[in-house]
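Notes to accompany the following structure.
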Amino acid sequence: MLRYLITRVGLVVPSFFGLTLLTFAMIRLIPGDPVEVLAGERGMSPERHAEMMARLGLDQPVLTQYATYLGNLLSGDFGISIVTRTSVLEEFLTLFPATIELSVAAITIAVAIGLPAGILAAVRRRSVLDHGVMAVSLTGYSMPIFWWGLILILVFSVELGLTPVSGRISAFFWVEPVTGFLLIDSLLSDEAGAFGSALHHLVLPSIVLSTLPLAVIARMTRSAMLEVLGEDYIRTARAKGLGAGRVIGLHALRNALIPVVTVIGLQMGVLLAGAILTETIFAWPGIGKWLVESIHRRDYPALQGGILLVASTVIMINLMVDLLYGLLNPRIRHQR
Amino acid sequence: MTTGTAAAPLLEIADLAVGFTTRAGHLRAVDGVSLTVADGEIVGIVGESGSGKSVASLAVMGLIDTAGTVTATRLRFAGQDLLTLGARARRRLAGAEIAMIFQEPMTSLNPCFTVGFQLKESLRVHQRLRGRALTAAAVALLDQVGIPDPAARLEAFPHQMSGGMCQRVMIAIALAGNPRLLIADEPTTALDVTIQKQILDLLVALQRARGMALILITHDMGVVAETCDRVVVMYAGQVVEQRPARALFARPRHPYTAALLDALPERALGRRRLPTIPGVVPGIGDRPDGCLFHPRCARAQDVCRTDRPALAPDGAGWVRCPLPLGDPA
């Protein structure tokens, strides 16, 4: 396990380094520069443009810019947003809880439904239930998220009036940000009904965001369970006279969970980084929405820092998944 | 030793058939298996791969999944009718009164749980043991099956042990319910030759010490000769001959039995070539008309090609052949 751990952690360093290079380079490949965007439609004289670029350090050779950027990163400085003039890290930390809240809610829904659905489909293989679960999950898997989100808003918010259209909480409440997680902050505040409102606002976006991971988890659980159910040790478990619940829920599921947990973890990473569409549709003030706006403004520091921070979170989640995989699998745990 | 025809046999099987419905139609993996096993008896079931030995024993255990259908005119264990027994009661029987061990010990244990967990699980279910008594019973069982340092081994995972040790653990798990019948399905096939002998000796010693009946499924006639009281020979899903081991080895009546015995290296001393049986066991979907063995039988006559022979009493045993070899014994 120790060698496994060292290998996994060791891989994080080059990933992180490659990431800085990638975000730095790709942003500069987008046509236009921040000063142009700041100037807007009125335009700007070439002299003024050059002066502004120099002030932002963008007149330096690219390699020098990269070296400065890396140096600042190593001292924990993610830069200052060109547009808002605030620390990128601070802005990120303010917005990230909203994204985490949404993603955690979505993955909870996905696991709570996807896992049992996958197990049932595997146990009742080739039954109507199996075909039903697989058909629904294939539909979910191929669903364009923006369209799906809009349809749900149309049906549940506009037609039925069951859920709010957008935002994290009703405008009538003011909740003091303590943790940044509205569900927690609203409970901490004295505002009656704030928690209910926050929860109410969370339902639809998290359902939309959970669609894809739900489909992936259900399919993965099914195939993992099918494989495990054919194993010799399942026959042994049945030969021991154990009930179906114990054979499936313990002996089979414990083994099937090894790949499934990996998938759940990877999906969590995808959600954190990929809530962009959902956040945009529901005007959810999270990282995704912020990143899209930063792209439009060519806000290099915000983009560089933001993408790096999101990607680092994903890398850390993947690392945790790898370690969890090792813990779940005795054959890896006992490797030297 | 008893011969299985004693007053109340422990296990009685008559005309057991196991069929699977597939796209190619209804296929019978086992058809016409009849045998009895008495208390404390060792019965060997021999036959080539695909002869239905394992499927028949899984049917007795109630482990044929929903894709298969099990029928029999008689399937009784210790006076209970297994055909009419409810699922729950049947399950209580499996693992307790009837236990089974399998061919691949390494994959038959769950890789995610310790040996102790898997052994204690059976002890908890069948003997209702808890706490310190549970651990003590688990250690005692591991000790009985010859595992050194049993207390420490409880914490081991299957991948940390050899195949022979895993099979010993499987045997310990099987013994957890104090079974009256242990079915060992090719228990030594996947093991090294030196370990095979140890496991067989262990099984026979345990059978004697506990007075339980043992069904030993194997394709190794040598193993049968060494250990079994009575032998059932299976071919293509059918029992073709059954009689006391000594009589079977001395005077086989079915041509297939005779051919199997001729193919034993120790019986072929002095010959230039080891005799073999031409052809292969017919697949589950292409069984021939008449006697199932006739395409490979040197003695086949017209009657063998047209009439399906029935299992008929023959001396101290039974044979399924219209033209058996020699005289009944």
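Ordering of the structure tokens sets the chain letters (A, B, ...); residue numbers start at 1 within each chain; ligands are numbered from 1 in the order shown.
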
* Asked: as a PyMOL selection string, which residues of stretch 109-327 of chain A does DSSP assign to helix (DSSP H, G or I)?
  -> chain A and resi 109-123+128-141+145-159+182-188+194-229+232-239+244-274+276-281+287-296+300-327

* With a distance cut-off of 9 Å and only C-alpha atoms, select the neighbouring residues of A:Val104, excluding the residue or stretch itself and same-chain residues fewer than 5 positions from it, and output the selection as a ChimeraX atom specification. => /A:99,109,206,268,271-272

With N, CA, C and O atoms retained, export the selected residues as a CSV table (one decimal), in the first residue's frame.
```
chain,number,residue,atom,x,y,z
A,99,THR,N,-20.7,25.9,-6.0
A,99,THR,CA,-20.5,24.8,-7.0
A,99,THR,C,-20.4,23.5,-6.2
A,99,THR,O,-21.0,22.5,-6.7
A,109,ILE,N,-27.8,12.5,-5.4
A,109,ILE,CA,-29.0,12.0,-6.1
A,109,ILE,C,-28.6,10.9,-7.0
A,109,ILE,O,-29.2,9.8,-7.1
A,206,SER,N,-29.8,20.5,-9.2
A,206,SER,CA,-29.1,19.3,-8.9
A,206,SER,C,-29.7,18.1,-9.6
A,206,SER,O,-28.9,17.2,-10.0
A,268,MET,N,-17.6,12.9,-9.7
A,268,MET,CA,-17.6,14.1,-8.8
A,268,MET,C,-16.6,15.1,-9.3
A,268,MET,O,-17.0,16.3,-9.3
A,271,LEU,N,-18.3,16.8,-12.3
A,271,LEU,CA,-19.3,17.7,-11.8
A,271,LEU,C,-18.8,19.0,-11.4
A,271,LEU,O,-19.2,20.1,-11.8
A,272,LEU,N,-17.7,19.0,-10.6
A,272,LEU,CA,-17.1,20.2,-10.1
A,272,LEU,C,-16.6,21.1,-11.3
A,272,LEU,O,-16.8,22.3,-11.3
```

Within 10 Å of chain B, which residues of chain A show up? Give each one with its shortest atom-to-atom distance in Å (one decimal) and the two atoms involved, counting only C-alpha atoms, rows by chain then rising residue number, as a tab-separated table.
```
residue	atom	partner	partner_atom	distance
A:Glu231	CA	B:Thr107	CA	7.5
A:Asp232	CA	B:Ser108	CA	4.7
A:Tyr233	CA	B:Ser108	CA	4.2
A:Ile234	CA	B:Asn110	CA	7.7
A:Arg235	CA	B:Leu63	CA	7.6
A:Thr236	CA	B:Ser108	CA	6.0
A:Ala237	CA	B:Asn110	CA	8.4
A:Arg238	CA	B:Leu63	CA	7.1
A:Ala239	CA	B:Gly95	CA	5.6
A:Lys240	CA	B:Gly95	CA	4.1
A:Gly241	CA	B:Arg91	CA	4.8
A:Leu242	CA	B:Arg91	CA	7.1
A:Gly243	CA	B:Arg91	CA	7.5
A:Ala244	CA	B:Arg91	CA	9.9
A:His251	CA	B:Asn110	CA	7.1
A:Ala252	CA	B:Asn110	CA	8.9
A:Arg254	CA	B:Cys112	CA	7.0
A:Asn255	CA	B:Cys112	CA	6.5
A:Ile258	CA	B:Cys112	CA	9.8
A:Leu328	CA	B:Cys112	CA	7.8
A:Asn329	CA	B:Cys112	CA	6.6
A:Pro330	CA	B:Cys112	CA	6.0
A:Arg331	CA	B:His159	CA	6.8
A:His334	CA	B:Gln160	CA	8.6
```

* Structure fact -> Among B:Val240, B:Ala137, B:Leu10, B:Ala250, B:Pro322 is approached most closely, using only C-alpha atoms, by B:Val240

* **Near-A:Ile184 list (12 Å; only C-alpha atoms; drop same-chain fewer than 4 positions) as a list in words** => Pro97, Ala98, Glu101, Val175, Glu176, Pro177, Val178, Thr179, Gly180, Leu188, Ser189, Ala194, Phe195, Gly196, Ala198 and Leu199 of chain A
